[in-house]
Every structure is written in structure tokens, then in C-alpha cells.
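Chemist: The structure under discussion is supplied below as C-alpha cells; questions concerning it will follow.
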Amino acid sequence: MSDSQETSQTLYEKIGGEAAVNAAVDIFYRKVLADYRINRFFDNTDMDQQIAKQKAFFTMAFGGPNNYTGQDMRNAHARLVKMGLNASHFDAVMEHLGATLTELNVPADLIAQAAAIAESTRNDVLGK
Amino acid sequence: MRSITIGESTFSCQPDETVLETLLRGNIQVPNGCRQGLCQACLMRSLDNSPPVSAQVGLKDTLQKQNYFLACVCHPEQDMTVALPNQQCASIEAAVIKKQLLTPDIVQLVLEYQSPFNFFAGQFVNLKRPDGLTRSYSIANIPLAKNILEFHIRRLPNGQFSSWVYDELEVGAQLTISEAQGSCHYLPGRAEQPLMLVGTGSGLAPLYGIIADALAQDHSGPIHLFHGSRDLNGLYFVDEMRELAEKFDNFHYTPCISGEGIESDHVQGRAHDIALSSTETLSGWRVFLCGHPEMVNQTKKMAFMKGASMSDIYVDAFHVIQAEK
């Protein structure tokens, strides 16, 4: 990730850094848990750990500092792929990401940049 | 150069190295993930010095208070002795000084200890009897000048430890107790915040301690306790709680009975349903949930959906250890 760090950190800062991540996770996680299309993937998970992971996810989507590799994303989601995780579920999460940032009044062009970063993990997350 | 001690081993932390890097270099198995202080996989605890504040960002406040930190972002400012979260350390001896039935199913056990012992009301300890059989129980009292610990122990069908406490344990007997553990306890600050506490059966024990702690520390916001049981045998301290509600204007008590067809002047229904429907939103509330694991996990999710921030929800699920054959 180091090659893109300079430009992407700008996005992280523009969106509001760690404070924005903290504001976003609770809103996002409520949307996910309320969504019957995907909430089964979140049953049987420790909610506190899940919040921590989602902070990592938002930090990554905002282009902030993270050390996740494509392989990490594959390993982390392998269990869910076995449960039937597919493109429609990924789309649903993308939808909630956008809605969360809209709710937090993040400008549309920054939302588009964050969405593009999240989108770039699609194949790894789905184990393709 | 700082040294990091874990168990019997001590390692030198190189300049610019994190505690995680030092330990991994020393072949100590420490779970880890993002290495950016986010995923919390590398949670550890400092047993002596306070960890750097920067290594505690994002942790629950009760864990921060207990010197937990994230090893991957910890650049030690002084020598540290550390442990993994479930690594057991010290234990002390304590003597039974009181044993009394609270209901036919629940016994109050009071132990007295001599060695120095630190705890927060609501934390739990492992009680170990002489043959080594060990169970976890929550502390129901706040630290007092007297060196005592109070427990409410529910008799479980085929419960090896609880049956032994009921039938055989006598005043004067010695037990071994572990150091206090768990992050479900009260912390001062935000004194005006409304508190909701929901407990089933002997889940009242930690909540009782937490409430006593909050009141002793002048918590000024409303404190709502919902204590539930299927039948009357699981409800105890009803008079004590009512007296407390008379004494403190901001403390409110709702005993609930969930079983069908039981004559009582308590609210009919499950404690967590009644608690959750008692308020429009839990946004800004601090929530404590103790007792039956299913109740705790369900209510945690519902409280979060109802607006409580995850960092403001404190839980202690009472998992039952299946009796060995």
C-alpha cells in the first residue's frame, strides 16, 4: 500500500481521519445488522471484534494507514465464501458504505473515491 | 533500550520496535492482524507500568483502565511486564466468613482475604477449591475498607462446584481466588449519563456491585435496573433494591417475572424486553448486561440497534460449564 500512501492519506484526512471512522462504524454496522440480505454473515461474531474490524475496513476505504494485503482479505473472508458469500452481498455492503457516508455529509466525490478503494478488494473478498 | 518481560522471558525492545515485533522476534506467539492498532487482535496487558496512551486508542475504557494495550502500536516508554489477555497470573487465599441462602436456588458467599487485592465491582474471579475444581463468579460488592468479596452463587442441576458450595462448604474453609478479570464494570466520568442494567438470576450480583459503585461515585444520571427471573426463586434482594430506590431518587428498580401464571406484584415479562421497550432510544446511554448468555447476546445487539454506542455496552455472559461424566 505504500506506493499509494501519499495521495490516499489525503482522502483519509479530507474525510476527517480517525474521528470520521469512529462516527461511521456504528452507523454502518447498524445498517448491516438490519439488512436481511447479509446479516446472517454477522451472526455468531463477537460484536466488539466486529466493530474493530470495521474500523480497519473504513480506514482502508478512506485510504488511511493499513497493512492489509489481498491475501489477508482472502483469508479473513474464506469462511464466509463457504457460507455462500457472493457478489450480491458485496454490493449490499457497498450500498451501506455509500449510505453511511452520505448520512455523515461526506461530499459525493470523496464517497466515490472511498467506494473505489473498497471496490478494489472485491475479488479478494469473494475469493475469486 | 527498554526490556519487555513475559512469563519467564525478558527481551530487549530495539529502538523503533513495537512490543509485538519484539515478542515475535523472541518466538512468543502473539495473535496479530492489521498491525495498525485497529483490529485489536494483539490485545495485551501491562502488569506493572501504564502503557503509552497511544497504544490504547480505541480500546474500551474499562480495558484502558486495567492497562490493556495493543502490542502492534506500543513503543514502550519504560520497561514493561506484559501478559496475554487469558494468561493467569497471581492468586491469593481467602476464607469463607458467611454463607446464607438468598432464595432456595441462590446462596450468598462472603470471603475474607488478607493479601492485597484490587478489583472493580462487577469483575469476576476464578474460585478454586482444594482439589483444583475451578469456576468463575462475579464480585457483588465494591472495594471497602474490610477485605471482603461477596458472591451470589446459583445452584445448577448437576453443578459440581455450586452443589459443593451448597452442601459442603463451611464457614472458615479456605478457597483460592484468581486476580479479578473482566471489563464489565463502572468507571467514573460522564456522571450524568443514563444507565440501563439488565440481569437475569444471579446476574444481579455484578449489577448490584456496579450500581453500588456508581452511587458511591455520585453518578447523577438516572440508573435503571431490570432484574428478571422465570420464577420467584430467581429473584432476590427485592427489598434491598426497593430500599435503595427509596434512598436514591435517580435509582429505579423493576423486578420482572417471565414465567406464565405466577402470582406476584412484579412486572410480567422478560427483563430485557421490558427494559428495551421502556425507552424510545438508547442513544447516549451506558448499558450493562449480565446473566444468561442468550439474553446477553440478544440484548447487546438490540441495545446497539436502538442507538447505544458499542463502546458504551458492557456485558458479562454467564456460560455454564457442562458437568463431566
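How things are named: the first chain in the C-alpha cells is A, the next is B, and so on; residues count from 1 in each chain; ligands count from 1 in the order shown.
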Please, which residues of chain B lie no more than 9 Å from chain A when the count uses only C-alpha atoms, and can they be set out as a PyMOL selection string?
Modeler: chain B and resi 33-41+58+300-301+304-305+307+309-311
Chemist: Would you write out those residues with N, CA and C atoms, as a short mmCIF file (atom, residue, chain, number, x, y, z; two decimals), in the first residue's frame?
Modeler:
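The resulting file, part-v2.cif, is shown below:
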```cif
data_model
loop_
_atom_site.label_atom_id
_atom_site.label_comp_id
_atom_site.auth_asym_id
_atom_site.auth_seq_id
_atom_site.Cartn_x
_atom_site.Cartn_y
_atom_site.Cartn_z
N GLY B 33 -3.00 -9.01 13.65
CA GLY B 33 -3.69 -8.88 12.36
C GLY B 33 -3.21 -7.67 11.59
N CYS B 34 -3.88 -6.53 11.82
CA CYS B 34 -3.65 -5.36 10.97
C CYS B 34 -2.32 -4.66 11.23
N ARG B 35 -1.79 -4.82 12.41
CA ARG B 35 -0.55 -4.15 12.83
C ARG B 35 -0.62 -2.63 12.71
N GLN B 36 -1.83 -2.10 12.84
CA GLN B 36 -2.02 -0.65 12.80
C GLN B 36 -2.85 -0.18 13.99
N GLY B 37 -3.01 -1.02 14.99
CA GLY B 37 -3.79 -0.61 16.15
C GLY B 37 -5.28 -0.55 15.89
N LEU B 38 -5.75 -1.33 14.93
CA LEU B 38 -7.18 -1.25 14.60
C LEU B 38 -7.95 -2.52 14.95
N CYS B 39 -7.42 -3.67 14.55
CA CYS B 39 -8.23 -4.90 14.66
C CYS B 39 -8.25 -5.47 16.08
N GLN B 40 -7.36 -5.04 16.93
CA GLN B 40 -7.32 -5.43 18.34
C GLN B 40 -6.99 -6.90 18.58
N ALA B 41 -6.46 -7.57 17.55
CA ALA B 41 -6.10 -8.99 17.72
C ALA B 41 -4.94 -9.15 18.70
N GLY B 58 -8.86 3.49 21.03
CA GLY B 58 -9.91 2.63 20.50
C GLY B 58 -10.31 1.49 21.42
N LYS B 300 -27.56 -7.27 23.69
CA LYS B 300 -26.44 -6.44 23.26
C LYS B 300 -26.72 -5.91 21.85
N LYS B 301 -27.15 -6.84 20.98
CA LYS B 301 -27.43 -6.44 19.61
C LYS B 301 -28.61 -5.44 19.57
N PHE B 304 -27.70 -2.02 20.81
CA PHE B 304 -26.89 -1.33 19.79
C PHE B 304 -27.80 -0.80 18.68
N MET B 305 -28.73 -1.65 18.23
CA MET B 305 -29.65 -1.22 17.17
C MET B 305 -30.51 -0.06 17.64
N GLY B 307 -29.55 2.34 19.39
CA GLY B 307 -28.81 3.60 19.45
C GLY B 307 -27.63 3.65 20.40
N SER B 309 -24.04 3.19 21.71
CA SER B 309 -22.75 3.00 21.04
C SER B 309 -22.13 1.71 21.55
N MET B 310 -21.44 0.97 20.67
CA MET B 310 -20.85 -0.30 21.10
C MET B 310 -19.88 -0.10 22.26
N SER B 311 -19.21 1.06 22.27
CA SER B 311 -18.24 1.30 23.34
C SER B 311 -18.92 1.57 24.68
#
```
Chemist: Residues of segment 47-206 of chain B classed as helix (DSSP H, G or I) by DSSP on the backbone are to be reported as number ranges by chain.
Modeler: B: 53-55, 61-65, 71-73, 160-167, 201-206
Chemist: Which polymer residues have any atom within 8 Å of an atom of Ile148 of chain B, counting only C-alpha atoms, with same-chain residues fewer than 3 positions away left out, as a list of chain:residue names?
Modeler: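 So the residues in contact are B:Val110, B:Leu111, B:Glu112, B:Tyr113, B:Pro143, B:Leu144.
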Chemist: Restricting it to N, CA and C atoms, dump the selection as a PDB file, in the first residue's frame.
Modeler:
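result_2.pdb was written with the following content:
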```pdb
ATOM      1  N   VAL B 110     -19.599 -14.980  51.339  1.00  0.00           N
ATOM      2  CA  VAL B 110     -18.700 -13.856  51.594  1.00  0.00           C
ATOM      3  C   VAL B 110     -17.340 -14.407  52.018  1.00  0.00           C
ATOM      4  N   LEU B 111     -16.296 -13.952  51.310  1.00  0.00           N
ATOM      5  CA  LEU B 111     -14.929 -14.394  51.603  1.00  0.00           C
ATOM      6  C   LEU B 111     -14.118 -13.225  52.145  1.00  0.00           C
ATOM      7  N   GLU B 112     -13.173 -13.538  52.997  1.00  0.00           N
ATOM      8  CA  GLU B 112     -12.263 -12.512  53.518  1.00  0.00           C
ATOM      9  C   GLU B 112     -10.844 -12.861  53.085  1.00  0.00           C
ATOM     10  N   TYR B 113     -10.112 -11.837  52.584  1.00  0.00           N
ATOM     11  CA  TYR B 113      -8.740 -12.094  52.134  1.00  0.00           C
ATOM     12  C   TYR B 113      -7.776 -11.239  52.943  1.00  0.00           C
ATOM     13  N   PRO B 143     -15.047  -2.337  46.477  1.00  0.00           N
ATOM     14  CA  PRO B 143     -13.911  -2.422  47.399  1.00  0.00           C
ATOM     15  C   PRO B 143     -14.186  -1.577  48.654  1.00  0.00           C
ATOM     16  N   LEU B 144     -14.027  -2.187  49.796  1.00  0.00           N
ATOM     17  CA  LEU B 144     -14.303  -1.498  51.064  1.00  0.00           C
ATOM     18  C   LEU B 144     -13.055  -1.556  51.932  1.00  0.00           C
TER      19      LEU B 144
END
```
Chemist: Nearest to Leu11 of chain A: which of A:Met94, A:Leu104, A:Ile111, A:Leu126 is it, counting only C-alpha atoms?
Modeler: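 Smallest distance to Leu11 of chain A is found for A:Ile111.
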Chemist: Which neighbours of Val107 of chain B fall inside 12 Å, counting only C-alpha atoms, when residues of the same chain fewer than 2 positions from it are skipped, and could you give them as a PyMOL selection string?
Modeler: chain B and resi 98-105+109-110+150-156+162-167+169+201-202+205+233-234+236-237
Chemist: Can you measure atom CA of Thr176 of chain B to atom CA of Gln123 of chain B for me? One decimal in Å is fine.
Modeler: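 Interatomic distance, atom CA of Thr176 of chain B to atom CA of Gln123 of chain B: 16.4 Å.
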Chemist: Within segment 51-253 of chain B, find each residue whose DSSP state, derived from the backbone, is strand (DSSP E), and express the selection as a ChimeraX atom specification.
Modeler: /B:68-70,80-83,91-101,106-113,124-128,134-138,148-154,174-178,195-200,223-229,251-253
Chemist: Deliver the residues from the most recent selection as a file, using C-alpha atoms, as a PDB file, in the first residue's frame.
Modeler:
```pdb
ATOM      1  CA  TYR B  68      -4.612  -3.238  28.381  1.00  0.00           C
ATOM      2  CA  PHE B  69      -2.900  -2.072  25.197  1.00  0.00           C
ATOM      3  CA  LEU B  70      -2.331  -3.012  21.567  1.00  0.00           C
ATOM      4  CA  MET B  80       7.158  -3.447  30.820  1.00  0.00           C
ATOM      5  CA  THR B  81       5.976  -6.772  32.179  1.00  0.00           C
ATOM      6  CA  VAL B  82       3.196  -7.975  29.914  1.00  0.00           C
ATOM      7  CA  ALA B  83       0.715 -10.831  29.571  1.00  0.00           C
ATOM      8  CA  SER B  91      -3.800 -15.886  43.043  1.00  0.00           C
ATOM      9  CA  ILE B  92      -4.457 -15.455  46.744  1.00  0.00           C
ATOM     10  CA  GLU B  93      -6.133 -17.340  49.572  1.00  0.00           C
ATOM     11  CA  ALA B  94      -9.440 -16.312  51.101  1.00  0.00           C
ATOM     12  CA  ALA B  95     -11.574 -17.691  53.930  1.00  0.00           C
ATOM     13  CA  VAL B  96     -15.344 -18.173  53.960  1.00  0.00           C
ATOM     14  CA  ILE B  97     -16.813 -15.852  56.602  1.00  0.00           C
ATOM     15  CA  LYS B  98     -20.505 -16.049  55.662  1.00  0.00           C
ATOM     16  CA  LYS B  99     -22.805 -18.371  53.762  1.00  0.00           C
ATOM     17  CA  GLN B 100     -26.514 -17.627  53.554  1.00  0.00           C
ATOM     18  CA  LEU B 101     -29.402 -18.640  51.304  1.00  0.00           C
ATOM     19  CA  ILE B 106     -29.078 -18.831  45.220  1.00  0.00           C
ATOM     20  CA  VAL B 107     -26.573 -18.640  48.051  1.00  0.00           C
ATOM     21  CA  GLN B 108     -24.638 -15.598  49.190  1.00  0.00           C
ATOM     22  CA  LEU B 109     -20.999 -16.368  49.912  1.00  0.00           C
ATOM     23  CA  VAL B 110     -18.700 -13.856  51.594  1.00  0.00           C
ATOM     24  CA  LEU B 111     -14.929 -14.394  51.603  1.00  0.00           C
ATOM     25  CA  GLU B 112     -12.263 -12.512  53.518  1.00  0.00           C
ATOM     26  CA  TYR B 113      -8.740 -12.094  52.134  1.00  0.00           C
ATOM     27  CA  PHE B 124     -15.203 -11.812  38.224  1.00  0.00           C
ATOM     28  CA  VAL B 125     -12.650 -14.128  39.794  1.00  0.00           C
ATOM     29  CA  ASN B 126     -11.972 -17.831  39.476  1.00  0.00           C
ATOM     30  CA  LEU B 127     -12.767 -19.627  42.721  1.00  0.00           C
ATOM     31  CA  LYS B 128     -10.695 -22.771  43.185  1.00  0.00           C
ATOM     32  CA  THR B 134     -12.444 -24.002  39.435  1.00  0.00           C
ATOM     33  CA  ARG B 135     -15.408 -21.819  38.451  1.00  0.00           C
ATOM     34  CA  SER B 136     -15.830 -18.117  37.669  1.00  0.00           C
ATOM     35  CA  TYR B 137     -18.104 -15.949  39.799  1.00  0.00           C
ATOM     36  CA  SER B 138     -18.841 -12.225  39.745  1.00  0.00           C
ATOM     37  CA  ILE B 148     -14.175  -8.949  51.689  1.00  0.00           C
ATOM     38  CA  LEU B 149     -15.629 -10.312  48.474  1.00  0.00           C
ATOM     39  CA  GLU B 150     -19.299 -11.157  48.072  1.00  0.00           C
ATOM     40  CA  PHE B 151     -20.634 -13.692  45.555  1.00  0.00           C
ATOM     41  CA  HIS B 152     -24.134 -14.884  44.642  1.00  0.00           C
ATOM     42  CA  ILE B 153     -23.894 -18.497  43.572  1.00  0.00           C
ATOM     43  CA  ARG B 154     -26.758 -20.192  41.823  1.00  0.00           C
ATOM     44  CA  GLN B 174     -10.181 -21.697  52.529  1.00  0.00           C
ATOM     45  CA  LEU B 175     -10.546 -21.079  48.789  1.00  0.00           C
ATOM     46  CA  THR B 176      -8.022 -19.860  46.229  1.00  0.00           C
ATOM     47  CA  ILE B 177      -9.093 -16.833  44.193  1.00  0.00           C
ATOM     48  CA  SER B 178      -7.554 -15.575  40.957  1.00  0.00           C
ATOM     49  CA  LEU B 195     -27.530   3.817  32.820  1.00  0.00           C
ATOM     50  CA  MET B 196     -29.537   0.730  31.935  1.00  0.00           C
ATOM     51  CA  LEU B 197     -28.725  -2.528  33.704  1.00  0.00           C
ATOM     52  CA  VAL B 198     -30.377  -5.818  32.803  1.00  0.00           C
ATOM     53  CA  GLY B 199     -29.689  -9.053  34.657  1.00  0.00           C
ATOM     54  CA  THR B 200     -31.214 -12.491  34.946  1.00  0.00           C
ATOM     55  CA  ILE B 223     -29.940   4.378  36.830  1.00  0.00           C
ATOM     56  CA  HIS B 224     -32.492   1.812  35.668  1.00  0.00           C
ATOM     57  CA  LEU B 225     -32.184  -1.766  36.898  1.00  0.00           C
ATOM     58  CA  PHE B 226     -34.270  -4.573  35.393  1.00  0.00           C
ATOM     59  CA  HIS B 227     -33.862  -7.881  37.202  1.00  0.00           C
ATOM     60  CA  GLY B 228     -35.584 -10.888  35.693  1.00  0.00           C
ATOM     61  CA  SER B 229     -36.266 -14.492  36.522  1.00  0.00           C
ATOM     62  CA  PHE B 251     -32.194   4.778  41.029  1.00  0.00           C
ATOM     63  CA  HIS B 252     -35.141   2.869  39.554  1.00  0.00           C
ATOM     64  CA  TYR B 253     -35.816  -0.814  40.059  1.00  0.00           C
TER      65      TYR B 253
END
```
Chemist: Select from segment 6-41 of chain A every residue with an atom at most 10 Å from any atom of segment 77-85 of chain A, then for each give the shortest pair of atoms and their distance in Å to one decimal, using only C-alpha atoms, rows by chain and rising number, as a Markdown table.
Modeler:
```
| residue | atom | partner | partner_atom | distance |
| --- | --- | --- | --- | --- |
| A:Ile38 | CA | A:Leu85 | CA | 8.7 |
| A:Arg40 | CA | A:Met83 | CA | 9.4 |
| A:Phe41 | CA | A:Leu80 | CA | 6.7 |
```
Chemist: Between segment 19-105 of chain A and segment 116-119 of chain A, at 12 Å or less, what are the per-residue closest atom pairs and their distances in Å? Count only C-alpha atoms, order by chain and rising residue number, and return it as a tab-separated table.
Modeler:
```
residue	atom	partner	partner_atom	distance
A:Ala56	CA	A:Ala118	CA	11.7
A:Phe57	CA	A:Ala118	CA	8.3
A:Phe58	CA	A:Ala118	CA	8.7
A:Thr59	CA	A:Ala118	CA	10.3
A:Met60	CA	A:Ile117	CA	7.6
A:Ala61	CA	A:Ala118	CA	5.2
A:Phe62	CA	A:Ile117	CA	7.6
A:Gly63	CA	A:Ile117	CA	7.2
A:Gly64	CA	A:Ile117	CA	10.6
A:Gly70	CA	A:Ala118	CA	11.9
A:Met73	CA	A:Ala118	CA	11.4
A:Ala87	CA	A:Glu119	CA	11.0
A:Phe90	CA	A:Glu119	CA	8.8
A:Asp91	CA	A:Glu119	CA	9.1
A:Ala92	CA	A:Glu119	CA	11.9
A:Val93	CA	A:Ala118	CA	9.7
A:Met94	CA	A:Ala118	CA	7.7
A:Glu95	CA	A:Glu119	CA	11.2
A:His96	CA	A:Ala118	CA	11.8
A:Leu97	CA	A:Ala118	CA	9.0
A:Gly98	CA	A:Ala118	CA	10.5
```
Chemist: Skipping near chain neighbours, those fewer than 2 positions away, what residues fall within 12 Å of His185 of chain B using only C-alpha atoms, listed as a JSON list (two decimals) with C-alpha atoms, in the first residue's frame?
Modeler:
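As written to disk, selection_1.json reads:
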```
[["chain", "number", "residue", "atom", "x", "y", "z"],
["B", 60, "LYS", "CA", -12.96, 0.07, 25.77],
["B", 61, "ASP", "CA", -12.45, 2.49, 28.65],
["B", 62, "THR", "CA", -12.58, -0.28, 31.24],
["B", 63, "LEU", "CA", -9.77, -2.11, 29.42],
["B", 65, "LYS", "CA", -8.12, 1.50, 32.97],
["B", 66, "GLN", "CA", -6.80, -2.03, 33.51],
["B", 119, "PHE", "CA", -10.82, -5.21, 41.82],
["B", 120, "PHE", "CA", -13.74, -3.33, 40.38],
["B", 121, "ALA", "CA", -17.25, -4.29, 41.43],
["B", 122, "GLY", "CA", -18.73, -6.33, 38.59],
["B", 123, "GLN", "CA", -15.49, -8.07, 37.66],
["B", 124, "PHE", "CA", -15.20, -11.81, 38.22],
["B", 138, "SER", "CA", -18.84, -12.22, 39.74],
["B", 139, "ILE", "CA", -17.98, -9.93, 42.61],
["B", 140, "ALA", "CA", -21.11, -8.28, 44.02],
["B", 141, "ASN", "CA", -19.56, -5.71, 46.36],
["B", 142, "ILE", "CA", -17.43, -2.62, 45.94],
["B", 180, "ALA", "CA", -10.12, -10.03, 39.19],
["B", 181, "GLN", "CA", -10.92, -10.15, 35.49],
["B", 182, "GLY", "CA", -13.44, -8.77, 33.04],
["B", 183, "SER", "CA", -14.32, -5.39, 31.60],
["B", 187, "LEU", "CA", -15.97, 3.93, 35.58],
["B", 188, "PRO", "CA", -16.47, 7.49, 36.82],
["B", 197, "LEU", "CA", -28.72, -2.53, 33.70],
["B", 205, "ALA", "CA", -24.53, -9.95, 41.52],
["B", 206, "PRO", "CA", -22.25, -7.90, 39.24],
["B", 207, "LEU", "CA", -25.02, -5.37, 38.60],
["B", 208, "TYR", "CA", -25.51, -4.91, 42.33],
["B", 209, "GLY", "CA", -21.81, -4.12, 42.63],
["B", 210, "ILE", "CA", -21.87, -1.80, 39.63],
["B", 211, "ILE", "CA", -24.87, 0.13, 41.00],
["B", 212, "ALA", "CA", -23.26, 0.45, 44.44],
["B", 213, "ASP", "CA", -20.10, 1.68, 42.74],
["B", 214, "ALA", "CA", -21.96, 4.22, 40.56],
["B", 286, "ARG", "CA", -24.48, 3.24, 29.09],
["B", 287, "VAL", "CA", -25.76, -0.36, 29.15],
["B", 288, "PHE", "CA", -24.76, -3.27, 31.40],
["B", 289, "LEU", "CA", -25.98, -6.82, 30.66],
["B", 290, "CYS", "CA", -25.27, -9.81, 32.89],
["B", 312, "ASP", "CA", -20.98, 2.02, 25.91],
["B", 313, "ILE", "CA", -22.24, -1.58, 26.17],
["B", 314, "TYR", "CA", -20.66, -3.72, 28.89],
["B", 315, "VAL", "CA", -21.55, -7.39, 29.15],
["B", 316, "ASP", "CA", -20.86, -10.46, 31.22]]
```
Chemist: Calculate how many Å separate atom CA of Val32 of chain A from atom CA of Asn75 of chain A, rounding to one decimal.
Modeler: 21.1 Å
Chemist: With a distance cut-off of 9 Å and only C-alpha atoms, select the neighbouring residues of Val19 of chain B, excluding the residue or stretch itself and same-chain residues fewer than 3 positions from it, and output the selection as a ChimeraX atom specification.
Modeler: /B:4,13,22-24,70-76
Chemist: Mind giving me the straight-line distance from atom CA of Ala20 of chain A to atom CA of Arg37 of chain A in Å, one decimal?
Modeler: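 Result for atom CA of Ala20 of chain A versus atom CA of Arg37 of chain A: 26.3 Å, one decimal.
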